[in-house]
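Dumped data_26.cif below, it's mmCIF, C-alpha atoms and all ligand atoms:
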data_final
#
loop_
_atom_site.label_atom_id
_atom_site.label_comp_id
_atom_site.auth_asym_id
_atom_site.auth_seq_id
_atom_site.Cartn_x
_atom_site.Cartn_y
_atom_site.Cartn_z
CA MET A 1 0.00 0.00 0.00
CA ALA A 2 1.24 3.49 -0.80
CA PRO A 3 2.36 5.48 2.23
CA ILE A 4 -0.36 8.08 1.81
CA ALA A 5 -3.05 5.42 1.59
CA ARG A 6 -1.55 3.78 4.64
CA LEU A 7 -1.74 7.06 6.52
CA ALA A 8 -5.31 7.68 5.41
CA MET A 9 -6.36 4.21 6.47
CA ALA A 10 -4.73 4.52 9.85
CA VAL A 11 -6.32 7.89 10.47
CA LEU A 12 -9.70 6.50 9.50
CA LEU A 13 -9.32 3.45 11.73
CA PHE A 14 -7.97 5.14 14.76
CA SER A 15 -9.16 8.71 14.60
CA ALA A 16 -11.28 8.16 17.69
CA THR A 17 -8.22 7.31 19.74
CA PHE A 18 -5.69 9.94 18.77
CA ILE A 19 -5.60 13.39 17.33
CA ASN A 20 -2.27 14.13 15.70
CA ALA A 21 -1.14 12.00 12.78
CA ALA A 22 2.40 12.78 11.67
CA PRO A 23 2.64 14.68 8.39
CA THR A 24 5.41 12.45 7.10
CA ALA A 25 4.73 8.92 5.94
CA THR A 26 6.78 5.99 7.18
CA ASN A 27 5.96 2.44 8.12
CA HIS A 28 5.73 3.31 11.77
CA GLN A 29 4.00 6.62 11.77
CA ASN A 30 1.18 5.54 14.05
CA ASP A 31 2.94 3.09 16.30
CA HIS A 32 2.88 5.27 19.33
CA GLU A 33 -0.77 6.19 19.13
CA ILE A 34 -1.89 2.70 18.21
CA ARG A 35 0.00 1.24 21.12
CA HIS A 36 -2.34 2.89 23.57
CA PHE A 37 -5.35 1.82 21.59
CA SER A 38 -4.03 -1.71 21.26
CA ARG A 39 -3.17 -2.16 24.88
CA ALA A 40 -6.75 -1.60 26.03
CA VAL A 41 -8.14 -3.97 23.44
CA ALA A 42 -5.56 -6.68 23.85
CA GLU A 43 -5.81 -6.91 27.58
CA ALA A 44 -9.41 -7.89 27.14
CA VAL A 45 -8.42 -11.12 25.40
CA PRO A 46 -8.21 -13.85 28.03
CA GLY A 47 -5.20 -16.12 28.07
CA VAL A 48 -3.01 -13.96 25.85
CA LYS A 49 -0.26 -12.05 27.57
CA LEU A 50 1.44 -9.22 25.76
CA VAL A 51 5.05 -8.38 26.53
CA TYR A 52 5.81 -4.70 27.11
CA LYS A 53 8.74 -4.91 29.50
CA CYS A 54 11.57 -7.17 30.56
CA THR A 55 11.28 -9.09 33.80
CA VAL A 56 14.96 -9.65 34.59
CA PRO A 57 16.27 -6.72 36.67
CA ASN A 58 19.00 -4.49 35.24
CA THR A 59 18.46 -5.71 31.72
CA MET A 60 17.49 -3.65 28.74
CA ALA A 61 16.40 -4.89 25.31
CA ILE A 62 17.28 -2.86 22.24
CA THR A 63 14.95 -3.89 19.42
CA PHE A 64 15.15 -3.06 15.72
CA ASP A 65 12.11 -3.27 13.44
CA ASP A 66 11.57 -3.37 9.68
CA GLY A 67 14.87 -4.92 8.57
CA PRO A 68 16.88 -6.59 7.31
CA PHE A 69 18.28 -3.66 5.39
CA GLU A 70 21.53 -2.16 4.21
CA TYR A 71 22.67 -1.12 7.71
CA THR A 72 22.15 -4.50 9.39
CA LYS A 73 25.78 -5.61 9.13
CA GLN A 74 27.01 -2.28 10.49
CA ILE A 75 24.66 -2.66 13.46
CA LEU A 76 26.03 -6.16 14.03
CA LYS A 77 29.59 -4.88 14.07
CA ILE A 78 28.71 -2.22 16.64
CA PHE A 79 27.00 -4.75 18.91
CA LYS A 80 29.87 -7.22 18.56
CA ASP A 81 32.50 -4.60 19.39
CA LYS A 82 30.54 -3.51 22.45
CA LYS A 83 29.58 -7.04 23.54
CA ALA A 84 25.86 -6.33 23.51
CA LYS A 85 22.89 -8.22 22.10
CA ALA A 86 19.86 -7.00 20.17
CA THR A 87 16.55 -8.32 18.91
CA PHE A 88 15.66 -7.95 15.25
CA PHE A 89 11.97 -8.01 14.31
CA VAL A 90 12.40 -8.73 10.63
CA ASN A 91 10.13 -8.60 7.60
CA GLY A 92 10.26 -10.71 4.45
CA ASP A 93 9.47 -7.88 2.10
CA ASN A 94 9.56 -4.33 3.43
CA ASN A 95 12.30 -1.72 2.89
CA GLY A 96 14.49 -4.60 1.82
CA LYS A 97 13.75 -8.14 0.66
CA ILE A 98 14.98 -10.79 3.07
CA ALA A 99 16.37 -12.91 0.22
CA ASP A 100 18.85 -10.09 -0.46
CA TYR A 101 20.08 -10.05 3.15
CA LYS A 102 20.44 -13.74 3.96
CA ASP A 103 24.04 -13.30 5.10
CA ALA A 104 23.16 -10.51 7.51
CA VAL A 105 20.27 -12.47 9.04
CA LYS A 106 22.43 -15.57 9.39
CA GLN A 107 25.21 -13.55 10.96
CA ALA A 108 22.83 -11.94 13.46
CA TYR A 109 21.49 -15.35 14.42
CA ASN A 110 24.94 -16.92 14.73
CA GLU A 111 26.20 -14.05 16.87
CA GLY A 112 23.49 -14.68 19.45
CA HIS A 113 21.03 -11.94 18.62
CA GLN A 114 17.38 -12.84 18.59
CA ILE A 115 15.59 -13.05 15.26
CA ALA A 116 11.88 -12.43 15.68
CA SER A 117 8.99 -11.94 13.29
CA HIS A 118 7.53 -8.64 12.16
CA THR A 119 5.37 -10.45 9.54
CA TRP A 120 6.02 -11.00 5.83
CA ASP A 121 5.29 -7.57 4.37
CA HIS A 122 4.28 -5.31 7.23
CA LYS A 123 0.53 -5.23 6.73
CA ASP A 124 -1.73 -3.93 9.47
CA LEU A 125 -2.90 -7.30 10.82
CA THR A 126 -6.13 -5.79 12.18
CA THR A 127 -7.33 -5.40 8.57
CA LEU A 128 -6.83 -9.08 7.70
CA SER A 129 -8.78 -12.34 8.04
CA VAL A 130 -7.51 -15.28 10.11
CA SER A 131 -6.11 -17.03 7.05
CA GLU A 132 -4.43 -13.85 5.85
CA ILE A 133 -2.90 -13.29 9.29
CA ASN A 134 -1.62 -16.88 9.35
CA SER A 135 -0.19 -16.45 5.88
CA GLU A 136 1.67 -13.25 6.94
CA MET A 137 3.29 -15.26 9.72
CA SER A 138 3.96 -18.57 7.95
CA LYS A 139 5.45 -16.97 4.84
CA LEU A 140 8.15 -15.29 6.90
CA ASP A 141 8.62 -18.40 9.07
CA ASP A 142 9.30 -20.46 5.94
CA ALA A 143 11.77 -17.88 4.62
CA LEU A 144 13.63 -17.85 7.94
CA ARG A 145 13.73 -21.66 8.09
CA GLY A 146 15.47 -21.48 4.73
CA ILE A 147 18.04 -19.02 6.08
CA ILE A 148 18.70 -19.95 9.73
CA GLY A 149 17.03 -23.38 9.91
CA VAL A 150 14.41 -22.35 12.46
CA ALA A 151 11.36 -20.10 12.75
CA PRO A 152 10.84 -17.50 15.48
CA THR A 153 8.41 -17.92 18.38
CA TYR A 154 8.41 -14.18 19.16
CA MET A 155 6.68 -11.55 17.03
CA ARG A 156 5.84 -7.86 16.98
CA PRO A 157 2.75 -6.75 15.03
CA PRO A 158 3.38 -3.99 12.46
CA TYR A 159 2.39 -0.57 13.88
CA GLY A 160 1.85 -2.34 17.19
CA ALA A 161 -1.67 -2.80 15.83
CA ILE A 162 -3.72 -5.59 17.34
CA ASN A 163 -7.34 -6.45 18.03
CA ASP A 164 -9.05 -9.51 19.51
CA LEU A 165 -8.72 -11.52 16.32
CA VAL A 166 -5.04 -10.74 15.81
CA THR A 167 -4.21 -11.34 19.45
CA LYS A 168 -6.04 -14.68 19.54
CA THR A 169 -4.71 -15.87 16.18
CA VAL A 170 -1.09 -14.83 16.61
CA GLY A 171 -0.96 -15.22 20.38
CA ALA A 172 -1.83 -18.91 20.10
CA LYS A 173 1.53 -19.56 18.49
CA TYR A 174 3.83 -16.61 19.25
CA THR A 175 4.86 -14.43 22.15
CA ILE A 176 3.59 -10.98 21.16
CA VAL A 177 6.12 -8.28 22.01
CA ILE A 178 5.15 -4.62 22.01
CA TRP A 179 7.57 -2.17 23.69
CA SER A 180 7.80 0.04 26.75
CA GLN A 181 10.03 2.81 25.38
CA ASP A 182 9.55 4.26 21.90
CA THR A 183 12.48 6.26 20.55
CA ASN A 184 10.19 7.59 17.80
CA ASP A 185 13.25 7.57 15.58
CA TRP A 186 11.08 7.68 12.44
CA ARG A 187 9.70 11.04 13.56
CA HIS A 188 13.14 12.63 13.64
CA GLU A 189 15.35 10.60 11.33
CA ASP A 190 18.11 13.21 11.31
CA ASP A 191 18.05 13.91 15.03
CA TRP A 192 19.40 10.77 16.68
CA LYS A 193 20.06 12.75 19.86
CA ALA A 194 16.31 13.06 20.39
CA SER A 195 16.11 9.27 20.27
CA LEU A 196 19.04 8.89 22.64
CA LYS A 197 17.27 11.19 25.08
CA VAL A 198 14.58 8.52 25.46
CA TYR A 199 17.27 6.17 26.78
CA GLN A 200 18.78 8.84 29.00
CA ASP A 201 15.47 9.95 30.48
CA ASN A 202 14.38 6.39 31.09
CA VAL A 203 17.57 5.33 32.82
CA LYS A 204 17.45 8.41 35.00
CA SER A 205 13.89 7.73 36.13
CA ALA A 206 14.19 3.94 36.41
CA LYS A 207 17.13 4.13 38.80
CA GLY A 208 18.52 0.72 37.97
CA LYS A 209 15.27 -1.24 38.08
CA GLY A 210 15.66 -1.93 34.41
CA GLY A 211 13.47 -4.04 32.30
CA GLU A 212 12.66 -1.70 29.43
CA ILE A 213 12.16 -2.73 25.81
CA PHE A 214 13.25 0.03 23.42
CA LEU A 215 11.85 0.36 19.90
CA GLN A 216 13.78 1.74 16.93
CA HIS A 217 14.24 0.93 13.25
CA GLU A 218 17.23 -0.57 11.53
CA THR A 219 16.14 1.02 8.28
CA ILE A 220 17.07 4.49 9.54
CA LYS A 221 20.70 5.33 8.87
CA LEU A 222 21.40 7.47 11.93
CA THR A 223 19.63 5.00 14.19
CA ALA A 224 22.03 2.34 12.97
CA LEU A 225 25.22 4.37 12.92
CA GLU A 226 24.80 6.97 15.69
CA LEU A 227 21.97 6.04 18.05
CA ALA A 228 22.87 2.36 18.44
CA PRO A 229 26.47 2.82 19.63
CA LYS A 230 25.61 5.77 21.87
CA ALA A 231 22.64 3.99 23.43
CA ILE A 232 24.82 0.96 24.18
CA ASP A 233 27.59 3.14 25.66
CA PHE A 234 25.13 5.03 27.80
CA ALA A 235 23.39 1.91 29.11
CA GLN A 236 26.63 0.07 29.81
CA LYS A 237 28.07 3.05 31.66
CA LYS A 238 25.01 2.86 33.90
CA LYS A 239 25.68 -0.89 34.41
CA TRP A 240 22.66 -2.08 32.47
CA LYS A 241 22.99 -5.38 30.66
CA LEU A 242 21.97 -5.23 27.00
CA VAL A 243 20.31 -8.52 26.10
CA THR A 244 17.72 -9.96 23.72
CA VAL A 245 14.01 -9.83 24.51
CA GLY A 246 14.06 -13.57 25.26
CA GLU A 247 16.91 -13.12 27.72
CA CYS A 248 15.35 -10.10 29.37
CA LEU A 249 12.30 -12.27 30.05
CA GLY A 250 14.50 -15.00 31.51
CA LYS A 251 13.75 -17.43 28.65
CA SER A 252 16.45 -19.72 27.32
CA LYS A 253 17.51 -19.55 23.69
CA ASP A 254 15.90 -22.86 22.71
CA THR A 255 12.48 -21.30 23.39
CA TRP A 256 13.00 -18.39 20.98
CA TYR A 257 12.61 -20.63 17.93
CA ARG A 258 10.85 -23.70 16.64
CA LYS A 259 11.79 -26.13 13.88
ZN ZN B 301 7.47 -1.98 11.61
#
If you took the structure in this file and wrote it as C-alpha cells, what would it be?
Ligand SMILES: [Zn+2]
Amino acid sequence: MAPIARLAMAVLLFSATFINAAPTATNHQNDHEIRHFSRAVAEAVPGVKLVYKCTVPNTMAITFDDGPFEYTKQILKIFKDKKAKATFFVNGDNNGKIADYKDAVKQAYNEGHQIASHTWDHKDLTTLSVSEINSEMSKLDDALRGIIGVAPTYMRPPYGAINDLVTKTVGAKYTIVIWSQDTNDWRHEDDWKASLKVYQDNVKSAKGKGGEIFLQHETIKLTALELAPKAIDFAQKKKWKLVTVGECLGKSKDTWYRK
C-alpha cells in the first residue's frame, strides 16, 4: 500500500483514539498512538499475555524493526565490538527483501542476537482475516527456516496494531512483544540525539530497576550508525545489561525458535 493510503487508512481506523497524525509517511507513523489503543483492546483477550517490558532486573532490550536492510551488518559490528545483544523483528518484504540479506540475518542469528517476526510484508494485521494473518506469519517463518534453519516464536505486530482476532490468532503460536520505550526515531530521522534522550530519560527515572524494551528501526541510517552505539555506551556506563528480549524475560535460547 502506498504510504499516503496507509496514513489515510490509519487515520480512519484510529481517529477516535488519537488526534495528531504525523505529516510524514513511514511504516511506523502511528505506532505510538496505536500502542495505547491496542493495549486496552488486547488486555481484554483472556489467556493472551502481551510483553511490554523485561522481567529480569537491570536488563534492557534494544529492538530493531523493519529490517533486514543495508545497515544491518554495520549494526552487528557495533554490537559485537561492544559485547551487547539485540533483537531484530524482521520482515520478508519491506524496505528490503529478506532474500537479499540472507548473510546478515544468518550472521545476526549466529552471533546470538534474537531473530523475531515482524510479519512478511508489514501489513496492518487488524485489517486481515484469520487465514491472511496466518499467511503473513507462515510466509516469513518459511523464509527464515530457509536461512537460519528455524522459525521465530516471538513476534511484533506492524504498527503495534492488534485487536481480539489478531491477538487470539497470533498469540496462540507466538509471544507478542510490544515495547515500553519508543524512541520515535522515524519522527526525527536526522536527530538521533532526540532518540538517545529517550534512553537517557528512562535510565534516570528507572534508577537501575531496568526491564525496558526500546523500539527503533534498523532502516534508519542514523539509528544504525549513531543512536545504536551511543545507546549501548550510555546503558553500559550505567551498568545495564543489553540482552535480547528472550533473555530479558528469563527465557532460554531454545524457546525463541521452533523447527
Ligand atoms: Zn514496523
Between CA of Ile147 in chain A and CA of Leu76 in chain A, distance in Å (one decimal):
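Computing it gives 17.1 Å between the two atoms.
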State, in Å with one decimal place, the distance from CA of Ala235 in chain A to CA of Ile78 in chain A.
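For CA of Ala235 in chain A relative to CA of Ile78 in chain A, the distance reads 14.2 Å.
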So how far away is CA of Asn184 in chain A from CA of Arg156 in chain A, in Å?
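Separating CA of Arg156 in chain A from CA of Asn184 in chain A is a distance of 16.1 Å.
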For Ile115 in chain A: contacts at 9 Å, all atoms listed in the file, fewer than 5 positions along chain excluded, given as a PyMOL selection string:
chain A and resi 86-90+105+108-109+144+151-152+154+256-257
Once you count all atoms listed in the file, which residues end up within 10 Å of ligand ZN 301 (chain B), and could you hand them over as a ChimeraX atom specification?
/A:26-29,31,64-67,89-91,94-95,118-119,121-124,156-160,215-219
With all atoms listed in the file as the basis for distance, which of A:Asp103, A:Glu212, A:Asp201, A:Glu226 is at the shortest distance from Val245 in chain A?
A:Glu212
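When all atoms listed in the file are used to compute distances to Thr255 in chain A, the closest of the residues A:Val150, A:Leu242, A:Ile178, A:Met60 turns out to be A:Val150.
With distances restricted to all atoms listed in the file, A:Ala99 is the closest residue to Pro68 in chain A from A:Ala194, A:Ala99, A:Leu50, A:Met137.
The smallest atom-to-atom distance between Leu227 in chain A and any of A:Ile176, A:Asn202, A:Leu249, A:Lys193, using all atoms listed in the file, is found for A:Lys193.
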Near Tyr52 in chain A, within 7 Å and counting only C-alpha atoms, which residues show up once chain neighbours fewer than 6 positions away are dropped, as a PyMOL selection string?
chain A and resi 177-180+213
Of the residues A:Gly112, A:Lys83, A:Met155, A:Lys77, which is the one nearest to Asp254 in chain A, using all atoms listed in the file?
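Counting all atoms listed in the file, the residue closest to Asp254 in chain A is A:Gly112.
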Within 7 Å of Trp120 in chain A, counting all atoms listed in the file, which residues qualify if same-chain residues fewer than 5 places away don't, as a list in words?
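Counting all atoms listed in the file, the residues come to Asn91, Gly92, Asp93, Glu136, Met137, Lys139 and Leu140 of chain A.
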